[in-house]
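**Q** Input file: model-v9.txt. Contents: compact mmCIF, C-alpha atoms.
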```txt
# COMPACT_ATOMS: atom_id res chain seq x y z
CA MET A 167 120.26 76.72 72.05
CA ALA A 168 117.24 76.80 74.19
CA THR A 169 117.13 79.40 76.87
CA ASP A 170 114.89 79.51 79.83
CA PRO A 171 112.48 82.34 79.83
CA VAL A 172 113.62 85.21 81.95
CA LEU A 173 111.03 86.90 84.01
CA LEU A 174 111.56 90.58 83.95
CA TYR A 175 110.16 92.59 86.77
CA ARG A 176 110.14 96.31 86.57
CA LEU A 177 110.03 97.99 89.89
CA GLN A 178 108.96 101.51 90.45
CA PRO A 179 111.76 103.32 92.27
CA SER A 180 109.41 104.84 94.77
CA GLY A 181 108.43 101.40 95.97
CA LEU A 182 105.88 98.78 95.34
CA CYS A 183 102.63 97.90 96.75
CA GLY A 184 100.39 95.11 97.26
CA TYR A 185 100.75 93.07 100.36
CA PRO A 186 99.46 91.25 102.13
CA VAL A 187 97.04 89.29 100.05
CA PRO A 188 95.89 85.70 100.26
CA LYS A 189 98.18 82.98 99.08
CA ASP A 190 98.09 82.41 95.34
CA VAL A 191 96.59 85.80 94.74
CA TRP A 192 98.73 88.34 92.94
CA PRO A 193 98.67 91.86 94.18
CA LEU A 194 98.85 94.66 91.66
CA ARG A 195 98.85 98.38 92.00
CA PRO A 196 96.65 100.47 89.75
CA THR A 197 99.47 101.68 87.53
CA GLU A 198 100.54 98.12 86.93
CA TYR A 199 97.45 97.61 84.88
CA LEU A 200 98.56 100.11 82.37
CA TYR A 201 101.81 98.97 80.98
CA GLY A 202 103.33 95.86 79.56
CA ALA A 203 106.67 95.79 77.78
CA GLY A 204 109.20 93.46 76.23
CA GLN A 205 108.92 89.96 74.92
CA ASN A 206 110.50 88.55 78.00
CA THR A 207 108.19 90.43 80.21
CA PHE A 208 104.96 89.29 81.60
CA ASN A 209 102.57 90.61 79.05
CA ILE A 210 99.50 92.16 80.39
CA ASP A 211 96.56 91.17 78.37
CA LYS A 212 94.20 93.58 76.83
CA LYS A 213 91.69 91.95 79.06
CA LEU A 214 93.62 93.04 82.08
CA GLN A 215 93.97 96.55 80.80
CA GLU A 216 90.27 96.65 80.42
CA SER A 217 89.84 95.54 83.97
CA LEU A 218 90.74 98.95 85.28
CA SER A 219 87.24 99.19 86.52
CA HIS A 220 88.07 96.69 89.23
CA PRO A 221 87.95 98.47 92.53
CA VAL A 222 90.97 98.33 94.75
CA GLY A 223 90.77 95.34 97.02
CA SER A 224 88.51 93.24 94.86
CA LEU A 225 89.54 89.91 93.46
CA PHE A 226 89.62 89.35 89.73
CA THR A 227 91.17 86.92 87.29
CA LEU A 228 94.49 87.89 85.79
CA SER A 229 95.15 86.28 82.43
CA GLU A 230 98.77 85.74 81.60
CA SER A 231 99.26 85.13 77.91
CA LEU A 232 102.93 84.19 77.72
CA PHE A 233 102.69 81.27 80.09
CA LYS A 234 99.04 80.70 79.39
CA TYR A 235 97.51 80.55 82.73
CA GLU A 236 95.07 82.46 84.80
CA MET A 237 95.31 83.34 88.39
CA PRO A 238 93.43 85.40 90.89
CA ALA A 239 94.74 88.88 91.53
CA VAL A 240 93.82 91.77 93.68
CA LEU A 241 94.31 95.43 93.10
CA SER A 242 95.90 96.95 96.12
CA ALA A 243 96.81 100.45 97.13
CA GLY A 244 99.13 99.46 99.92
CA LYS A 245 102.87 99.96 99.62
CA VAL A 246 105.87 97.85 100.18
CA VAL A 247 109.26 99.43 100.19
CA GLN A 248 111.44 98.65 97.29
CA GLU A 249 114.21 97.16 99.38
CA GLU A 250 111.84 94.62 100.81
CA LEU A 251 110.74 93.66 97.35
CA GLU A 252 114.24 93.38 96.03
CA GLU A 253 115.23 91.19 98.93
CA TRP A 254 112.30 88.97 98.27
CA LEU A 255 112.97 88.81 94.57
CA ASP A 256 116.60 87.94 95.19
CA SER A 257 115.61 85.05 97.37
CA PHE A 258 112.91 83.99 95.00
CA GLN A 259 114.75 83.62 91.75
CA GLU A 260 118.24 84.34 90.61
CA ASN A 261 117.41 85.06 87.02
CA VAL A 262 115.19 87.96 87.79
CA GLU A 263 116.19 91.10 86.03
CA ARG A 264 115.12 94.32 87.50
CA SER A 265 114.77 97.70 85.96
CA LEU A 266 114.92 100.65 88.26
CA ASN A 267 114.46 103.03 85.41
CA SER A 268 112.35 105.85 86.70
CA VAL A 269 110.86 106.40 83.28
CA ALA A 270 109.68 102.86 82.76
CA PHE A 271 106.60 102.27 84.71
CA PRO A 272 106.06 99.07 86.60
CA LEU A 273 103.98 96.48 84.94
CA LEU A 274 103.60 93.51 87.16
CA VAL A 275 105.08 92.33 90.35
CA SER A 276 104.80 89.38 92.58
CA VAL A 277 105.29 90.41 96.14
CA PRO A 278 105.48 88.77 99.52
CA PHE A 279 102.22 87.58 100.84
CA PHE A 280 101.02 85.99 103.97
CA GLU A 281 98.83 83.03 104.65
CA ARG A 282 96.52 85.26 106.58
CA PRO A 283 96.91 88.93 105.76
CA LEU A 284 95.49 90.09 109.04
CA ASN A 285 98.37 88.41 110.85
CA HIS A 286 100.64 91.17 109.70
CA VAL A 287 98.44 93.81 111.27
CA LEU A 288 98.01 91.82 114.46
CA LEU A 289 101.75 91.37 114.68
CA ALA A 290 102.29 95.11 114.46
CA ILE A 291 99.71 95.64 117.21
CA ASP A 292 101.30 92.97 119.34
CA GLU A 293 104.72 94.57 118.96
CA LEU A 294 103.36 97.88 120.17
CA CYS A 295 101.43 96.36 123.04
CA ASN A 296 104.11 94.01 124.28
CA ASN A 297 107.41 95.63 123.44
CA GLY A 298 108.40 95.75 127.10
CA GLU A 299 108.95 99.49 127.09
CA LEU A 300 106.39 101.34 129.12
CA SER A 301 105.82 104.97 128.30
CA GLU A 302 102.90 107.34 128.48
CA ASP A 303 102.09 106.31 124.92
CA THR A 304 102.10 102.55 125.42
CA PRO A 305 98.66 101.30 124.47
CA THR A 306 96.61 99.86 127.30
CA ALA A 307 95.60 96.22 127.29
CA LEU A 308 92.04 97.38 126.70
CA ALA A 309 93.05 99.25 123.55
CA CYS A 310 95.00 96.26 122.26
CA VAL A 311 92.21 93.77 122.87
CA SER A 312 89.69 96.14 121.37
CA ALA A 313 91.77 96.55 118.19
CA GLN A 314 92.41 92.84 117.79
CA LYS A 315 88.77 92.03 118.34
CA ILE A 316 87.28 94.49 115.89
CA LEU A 317 89.85 93.64 113.21
CA ALA A 318 89.19 89.93 113.56
CA GLU A 319 85.46 90.53 113.38
CA ALA A 320 85.85 92.80 110.36
CA GLU A 321 87.82 90.15 108.57
CA GLU A 322 84.95 87.75 109.06
CA ILE A 323 82.84 90.18 107.06
CA ALA A 324 85.38 90.81 104.29
CA GLN A 325 89.01 89.83 104.13
CA ILE A 326 91.39 92.65 104.96
CA TYR A 327 93.77 92.77 102.03
CA VAL A 328 95.69 95.90 102.63
CA ASP A 329 98.27 96.62 105.24
CA PRO A 330 97.87 99.66 107.37
CA THR A 331 100.19 102.54 106.64
CA THR A 332 100.85 103.15 110.30
CA VAL A 333 100.10 101.39 113.57
CA GLU A 334 100.90 103.77 116.38
CA ALA A 335 100.29 104.39 120.04
CA SER A 336 99.41 107.67 121.64
CA GLU A 337 98.60 108.26 125.31
CA GLY A 338 97.33 104.73 125.78
CA ASP A 339 95.27 104.67 122.60
CA LEU A 340 96.01 102.57 119.57
CA LEU A 341 95.62 104.21 116.18
CA ILE A 342 95.74 102.27 112.93
CA HIS A 343 95.99 104.27 109.72
CA TRP A 344 95.15 103.18 106.20
CA ASP A 345 96.08 105.68 103.52
CA SER A 346 95.52 105.69 99.80
CA PRO A 347 96.40 108.59 97.50
CA ALA A 348 92.95 110.08 97.69
CA LYS A 349 91.51 108.78 100.94
CA SER A 350 92.56 108.03 104.41
CA MET A 351 91.07 106.37 107.45
CA VAL A 352 92.09 105.76 111.02
CA LEU A 353 90.76 103.21 113.46
CA ILE A 354 91.07 104.66 116.95
CA CYS A 355 90.92 102.21 119.85
CA PRO A 356 90.81 104.19 123.08
CA GLY A 357 92.93 103.18 126.01
CA ASP A 358 89.99 103.37 128.41
CA GLY A 359 88.25 100.51 126.65
CA SER A 360 85.47 102.60 125.21
CA ALA A 361 84.18 101.79 121.75
CA PRO A 362 86.54 102.40 118.82
CA SER A 363 85.90 105.24 116.45
CA ILE A 364 86.75 105.69 112.81
CA TYR A 365 88.18 108.82 111.24
CA THR A 366 87.93 109.23 107.48
CA GLU A 367 89.06 111.94 105.12
CA MET A 368 89.05 112.67 101.40
CA LEU A 369 92.18 114.24 100.00
CA GLU A 370 93.00 116.64 97.26
CA GLY A 371 96.76 116.58 97.07
CA VAL A 372 97.98 116.94 100.64
CA VAL A 373 94.88 118.67 101.92
CA ALA A 374 91.84 116.96 103.36
CA THR A 375 88.78 118.36 101.63
CA THR A 376 86.37 116.55 103.92
CA SER A 377 86.77 114.64 107.13
CA GLN A 378 84.52 112.80 109.49
CA LEU A 379 84.77 111.07 112.83
CA ARG A 380 82.31 108.31 113.63
CA GLY A 381 82.11 106.99 117.16
CA SER A 382 80.97 103.58 118.36
CA ALA A 383 82.52 101.82 115.41
CA SER A 384 81.40 98.26 114.76
CA ALA A 385 83.21 95.58 112.78
CA GLN A 386 80.70 96.18 110.00
CA LYS A 387 81.54 99.88 109.92
CA LEU A 388 85.23 99.11 109.92
CA SER A 389 84.84 96.68 107.05
CA GLU A 390 82.86 99.24 105.08
CA ALA A 391 85.42 101.94 105.80
CA LEU A 392 88.27 99.71 104.64
CA THR A 393 86.45 98.98 101.42
CA TRP A 394 85.78 102.68 101.01
CA VAL A 395 89.35 103.80 101.55
CA MET A 396 90.68 101.39 98.94
CA SER A 397 88.02 102.08 96.36
CA PRO A 398 88.97 104.34 93.48
CA VAL A 399 87.64 107.86 93.48
CA ASN A 400 85.15 108.49 90.73
CA MET B 273 109.61 145.11 127.88
CA GLY B 274 111.25 142.19 129.57
CA ASN B 275 108.08 140.56 130.76
CA VAL B 276 106.48 140.67 127.35
CA ALA B 277 109.44 139.29 125.51
CA GLY B 278 107.68 136.00 124.84
CA GLU B 279 104.78 136.08 122.45
CA LEU B 280 104.87 139.81 121.88
CA GLY B 281 108.58 140.25 121.70
CA TRP B 282 109.28 138.49 118.42
CA PRO B 283 108.14 139.53 115.00
CA PRO B 284 106.27 137.03 112.83
CA LEU B 285 108.48 134.48 111.18
CA HIS B 286 109.24 134.93 107.52
CA ALA B 287 107.27 132.75 105.13
CA GLU B 288 110.45 131.05 104.02
CA SER B 289 111.51 130.19 107.56
CA LEU B 290 111.93 126.55 108.41
CA LEU B 291 110.73 124.89 111.59
CA TYR B 292 112.38 121.74 112.92
CA ARG B 293 110.73 119.17 115.14
CA ALA B 294 112.70 116.43 116.84
CA TYR B 295 111.87 112.75 116.76
CA PRO B 296 111.84 111.91 120.47
CA PHE B 297 111.75 108.14 119.97
CA PRO B 298 113.23 105.82 117.35
CA ASN B 299 109.80 104.71 116.23
CA THR B 300 108.64 108.27 115.62
CA LEU B 301 110.16 108.02 112.16
CA ASN B 302 108.85 105.61 109.59
CA ARG B 303 112.16 104.69 108.01
CA ASN B 304 110.61 103.27 104.89
CA LYS B 305 108.72 106.41 104.08
CA ARG B 306 111.24 108.82 105.61
CA LYS B 307 108.31 110.52 107.25
CA PRO B 308 107.40 110.85 110.90
CA GLU B 309 104.45 108.99 112.28
CA PRO B 310 101.37 111.14 112.90
CA ASN B 311 101.82 110.97 116.67
CA LEU B 312 104.72 113.39 116.32
CA PHE B 313 102.08 116.02 115.71
CA TYR B 314 99.51 115.14 118.36
CA ARG B 315 99.49 117.83 121.00
CA ARG B 316 99.44 116.65 124.60
CA ALA B 317 97.28 118.23 127.26
CA GLN B 318 100.22 119.72 129.13
CA GLU B 319 101.51 121.45 126.00
CA THR B 320 100.36 124.82 124.70
CA GLY B 321 101.61 124.00 121.23
CA LEU B 322 104.00 121.83 119.28
CA SER B 323 107.56 122.69 120.14
CA VAL B 324 109.74 123.48 117.15
CA GLY B 325 113.29 124.71 116.79
CA LEU B 326 114.27 127.38 114.33
CA SER B 327 117.37 125.51 113.24
CA PRO B 328 118.61 121.93 113.40
CA GLU B 329 121.21 123.02 115.94
CA ALA B 330 118.52 124.56 118.12
CA VAL B 331 116.63 121.27 118.13
CA THR B 332 119.76 119.37 119.06
CA ARG B 333 120.47 121.80 121.89
CA ARG B 334 116.98 121.53 123.32
CA VAL B 335 116.42 117.84 122.60
CA PRO B 336 119.89 116.35 122.77
CA ARG B 337 118.56 112.81 122.85
CA ASN B 338 116.69 112.87 119.59
CA PHE B 339 116.42 110.35 116.80
CA GLY B 340 116.48 112.85 114.00
CA MET B 341 114.12 115.61 113.01
CA CYS B 342 111.83 116.84 110.31
CA ARG B 343 111.31 120.29 108.91
CA LEU B 344 108.32 122.35 107.88
CA LYS B 345 108.19 125.60 105.97
CA VAL B 346 106.22 128.36 107.64
CA GLY B 347 104.63 129.52 104.41
CA ALA B 348 102.71 132.65 103.73
CA THR B 349 99.23 133.01 105.11
CA THR B 350 98.07 133.78 101.61
CA ASP B 351 99.33 130.50 100.14
CA CYS B 352 96.35 128.92 98.39
CA GLY B 353 94.11 130.81 100.75
CA ASN B 354 95.29 128.68 103.60
CA GLY B 355 96.98 129.62 106.84
CA VAL B 356 100.49 129.17 108.08
CA LEU B 357 102.11 125.92 106.99
CA GLY B 358 99.57 125.97 104.18
CA CYS B 359 97.15 124.29 106.52
CA PRO B 360 93.43 124.82 105.95
CA ASP B 361 92.91 124.57 109.71
CA PRO B 362 93.89 127.85 111.33
CA LEU B 363 97.27 127.50 112.98
CA SER B 364 99.68 130.08 114.27
CA ILE B 365 103.35 130.04 114.98
CA VAL B 366 104.48 131.83 118.09
CA GLN B 367 108.16 132.44 118.54
CA ASP B 368 109.01 132.41 122.22
CA ALA B 369 112.79 132.40 122.17
CA GLU B 370 115.53 133.23 119.79
CA ASP B 371 115.78 129.65 118.59
CA HIS B 372 112.36 128.24 119.46
CA ALA B 373 108.71 128.56 118.56
CA GLU B 374 105.44 126.74 119.02
CA ILE B 375 102.83 125.74 116.51
CA ARG B 376 99.57 126.79 118.12
CA GLY B 377 95.98 126.05 117.30
CA ILE B 378 96.19 122.27 117.42
CA PRO B 379 93.66 120.71 119.77
CA THR B 380 94.54 117.64 121.79
CA ARG B 381 92.91 114.45 120.59
CA ASN B 382 90.69 114.57 123.66
CA GLU B 383 89.52 118.06 122.81
CA ASP B 384 88.81 117.46 119.15
CA GLN B 385 89.84 114.08 117.80
CA GLU B 386 88.82 114.82 114.23
CA ARG B 387 90.68 118.08 113.90
CA ALA B 388 93.71 116.78 115.75
CA LEU B 389 93.98 113.84 113.37
CA ARG B 390 93.32 115.98 110.32
CA ILE B 391 96.08 118.40 111.25
CA ALA B 392 98.57 115.69 112.27
CA LYS B 393 98.10 113.77 109.04
CA TYR B 394 98.43 116.99 107.05
CA LEU B 395 101.65 117.91 108.81
CA VAL B 396 103.05 114.44 108.10
CA ARG B 397 102.32 114.94 104.42
CA ILE B 398 104.04 118.30 104.14
CA CYS B 399 107.04 117.75 106.38
CA GLU B 400 110.40 116.53 105.18
CA ASP B 401 112.86 114.44 107.03
CA SER B 402 115.86 116.58 107.84
CA PRO B 403 119.46 115.51 108.23
CA LEU B 404 121.01 115.87 111.63
CA PRO B 405 123.46 118.71 112.00
CA CYS B 406 127.10 117.72 112.04
CA SER B 407 128.45 117.54 115.55
CA SER B 408 131.11 120.10 116.27
```
Is it possible to express this structure as structure tokens?

**A**
Amino acid sequence: MATDPVLLYRLQPSGLCGYPVPKDVWPLRPTEYLYGAGQNTFNIDKKLQESLSHPVGSLFTLSESLFKYEMPAVLSAGKVVQEELEEWLDSFQENVERSLNSVAFPLLVSVPFFERPLNHVLLAIDELCNNGELSEDTPTALACVSAQKILAEAEEIAQIYVDPTTVEASEGDLLIHWDSPAKSMVLICPGDGSAPSIYTEMLEGVVATTSQLRGSASAQKLSEALTWVMSPVN
Amino acid sequence: MGNVAGELGWPPLHAESLLYRAYPFPNTLNRNKRKPEPNLFYRRAQETGLSVGLSPEAVTRRVPRNFGMCRLKVGATTDCGNGVLGCPDPLSIVQDAEDHAEIRGIPTRNEDQERALRIAKYLVRICEDSPLPCSS
């Protein structure tokens, strides 16, 4: 009796990563390179394991041996909560089995993605700027426009693959955080309309070993900083 | 002694003491990460320090309309060579009432954006979301 192949997704209990990315591009987290298991599982080719040198955020070709196709993928350090993934998987395919075993490491996931990744960031900004509740923290129109403008310009330079960790308002300013395990950056768009600045830090555990604040940030600087924060530490 | 009962009237908090900080708004907590957003730890110009309660009940008494709270361990000043809260930036904790203290040494973002962000992001990393006390 023929049986349809079952796609087995193993999810890491602490959550998954990897959105948003362009349509038809598969987002992977670094640990997902390392492990493939089970005949019914997407096997990760040796070729993929060898591709660990790919920096986070860069596109590469993922070879899938079981179904014999190749597709573009991107290594992402962003995170998506597990619930969101499970919801998506449920709606995607009924015959998805999921392992929440904390010992088994994740191997490959397909996660929600957006036609235009930046839309997700812009939506978060829009929600903060136009939520109808005015407080001393509500970002000014100048801060909102400034953030939208520099992000759109930065995406012209290099596509923004990774979602921010936090988009927050403080005393009229808009602050957008991107965090990876070893690096962190914040785009600060002041409420008075002055030029944005970029804060960056290198981490060792929970402690920042170095930090830097650069004023008068341009789209080019933002693009470079985003590439930097998602690049692996040597 | 009465007029010095603020900063001078209380002994230093024990290293194992816990500090609790209320979430003033629903969006102060990132529910996915169960961590507060960094702006919980930005000091405002009108504040001398970050207000913290010494128990969950104290926070609820002082900030009755809160959306939860997080906790931080005071820590010993000798921990890893860092200061209180294990923070490499010098901070101090000043108890000013039986159930209340302030974390001092945090600049406003206007005073020192870099340090303010560095400290806020550090505090987010080390704090833990804390359950609300049961109502009596």

**Q** Figure out the distance between CA of Leu294 (chain A) and CA of Gln314 (chain A), please, to one decimal in Å.

**A**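 Taking CA of Gln314 (chain A) as the start and CA of Leu294 (chain A) as the end point, the length is 12.3 Å.
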
**Q** What is the distance, in Å and to one decimal place, between CA of Ile364 (chain A) and CA of Leu379 (chain A)?

**A**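 Between CA of Ile364 (chain A) and CA of Leu379 (chain A) the gap works out to 5.7 Å.
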
**Q** Please identify all polymer residues within 8 Å of Ile326 (chain A), counting all atoms listed in the file, omitting same-chain residues fewer than 5 positions from it, and present them as a list in words.

**A**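 The filter keeps Pro283, Leu284, Ala320, Glu321, Ser389 and Leu392 of chain A.
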
**Q** Up to 7 Å from chain A, what residues of chain B turn up? Count only C-alpha atoms and give them as a PyMOL selection string.

**A** chain B and resi 304+311+386+394+397

**Q** Could you pull the residues within 9 Å of Leu291 (chain B), counting all atoms listed in the file, minus those fewer than 4 positions along the same chain, as a PDB file with C-alpha atoms, in the frame of the given file?

**A**
```pdb
ATOM      1  CA  VAL B 324     109.740 123.480 117.150  1.00  0.00           C
ATOM      2  CA  GLY B 325     113.290 124.710 116.790  1.00  0.00           C
ATOM      3  CA  LEU B 326     114.270 127.380 114.330  1.00  0.00           C
ATOM      4  CA  SER B 327     117.370 125.510 113.240  1.00  0.00           C
ATOM      5  CA  PRO B 328     118.610 121.930 113.400  1.00  0.00           C
ATOM      6  CA  CYS B 342     111.830 116.840 110.310  1.00  0.00           C
ATOM      7  CA  ARG B 343     111.310 120.290 108.910  1.00  0.00           C
ATOM      8  CA  LEU B 344     108.320 122.350 107.880  1.00  0.00           C
ATOM      9  CA  LYS B 345     108.190 125.600 105.970  1.00  0.00           C
ATOM     10  CA  VAL B 346     106.220 128.360 107.640  1.00  0.00           C
ATOM     11  CA  HIS B 372     112.360 128.240 119.460  1.00  0.00           C
ATOM     12  CA  ALA B 373     108.710 128.560 118.560  1.00  0.00           C
TER      13      ALA B 373
END
```

**Q** Compile the contact shell of Asp401 (chain B) as a list in words: residues with an atom at most 9 Å away, counting all atoms listed in the file, same-chain residues fewer than 3 positions apart removed.

**A**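 Neighbouring residues, sequence-local ones excluded: Leu301, Arg306, Lys307, Pro308, Gly340, Met341, Cys342 and Arg343 of chain B.
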
**Q** For a cut-off of 12 Å around (112.8, 106.3, 117.6), file coordinates, pick out all residues using all atoms listed in the file and list them as a PyMOL selection string.

**A** chain B and resi 294-303+308-309+311-312+337-341

**Q** Using all atoms listed in the file, which residue out of A:Thr306, A:Val395, A:Glu390, A:Glu370 lies closest to Lys349 (chain A)?

**A**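 Comparing A:Thr306, A:Val395, A:Glu390, A:Glu370 against Lys349 (chain A), the winner is A:Val395.
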
**Q** Counting all atoms listed in the file, which residue out of B:Asp371, B:Ile378, B:Leu363, B:His286 sits closest to Arg333 (chain B)?

**A**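 Smallest separation from Arg333 (chain B) among the options: B:Asp371.
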
**Q** What gap, in Å, lies between CA of Pro284 (chain B) and CA of Pro336 (chain B)?

**A**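 Going from CA of Pro284 (chain B) over to CA of Pro336 (chain B), I get 26.7 Å.
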
**Q** Select, from A:Gln325, A:Ser301, A:Asn296, A:Asn285, the residue with the minimum atom-to-atom distance to Thr393 (chain A), counting all atoms listed in the file.

**A**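 Result for the nearest residue to Thr393 (chain A): A:Gln325.
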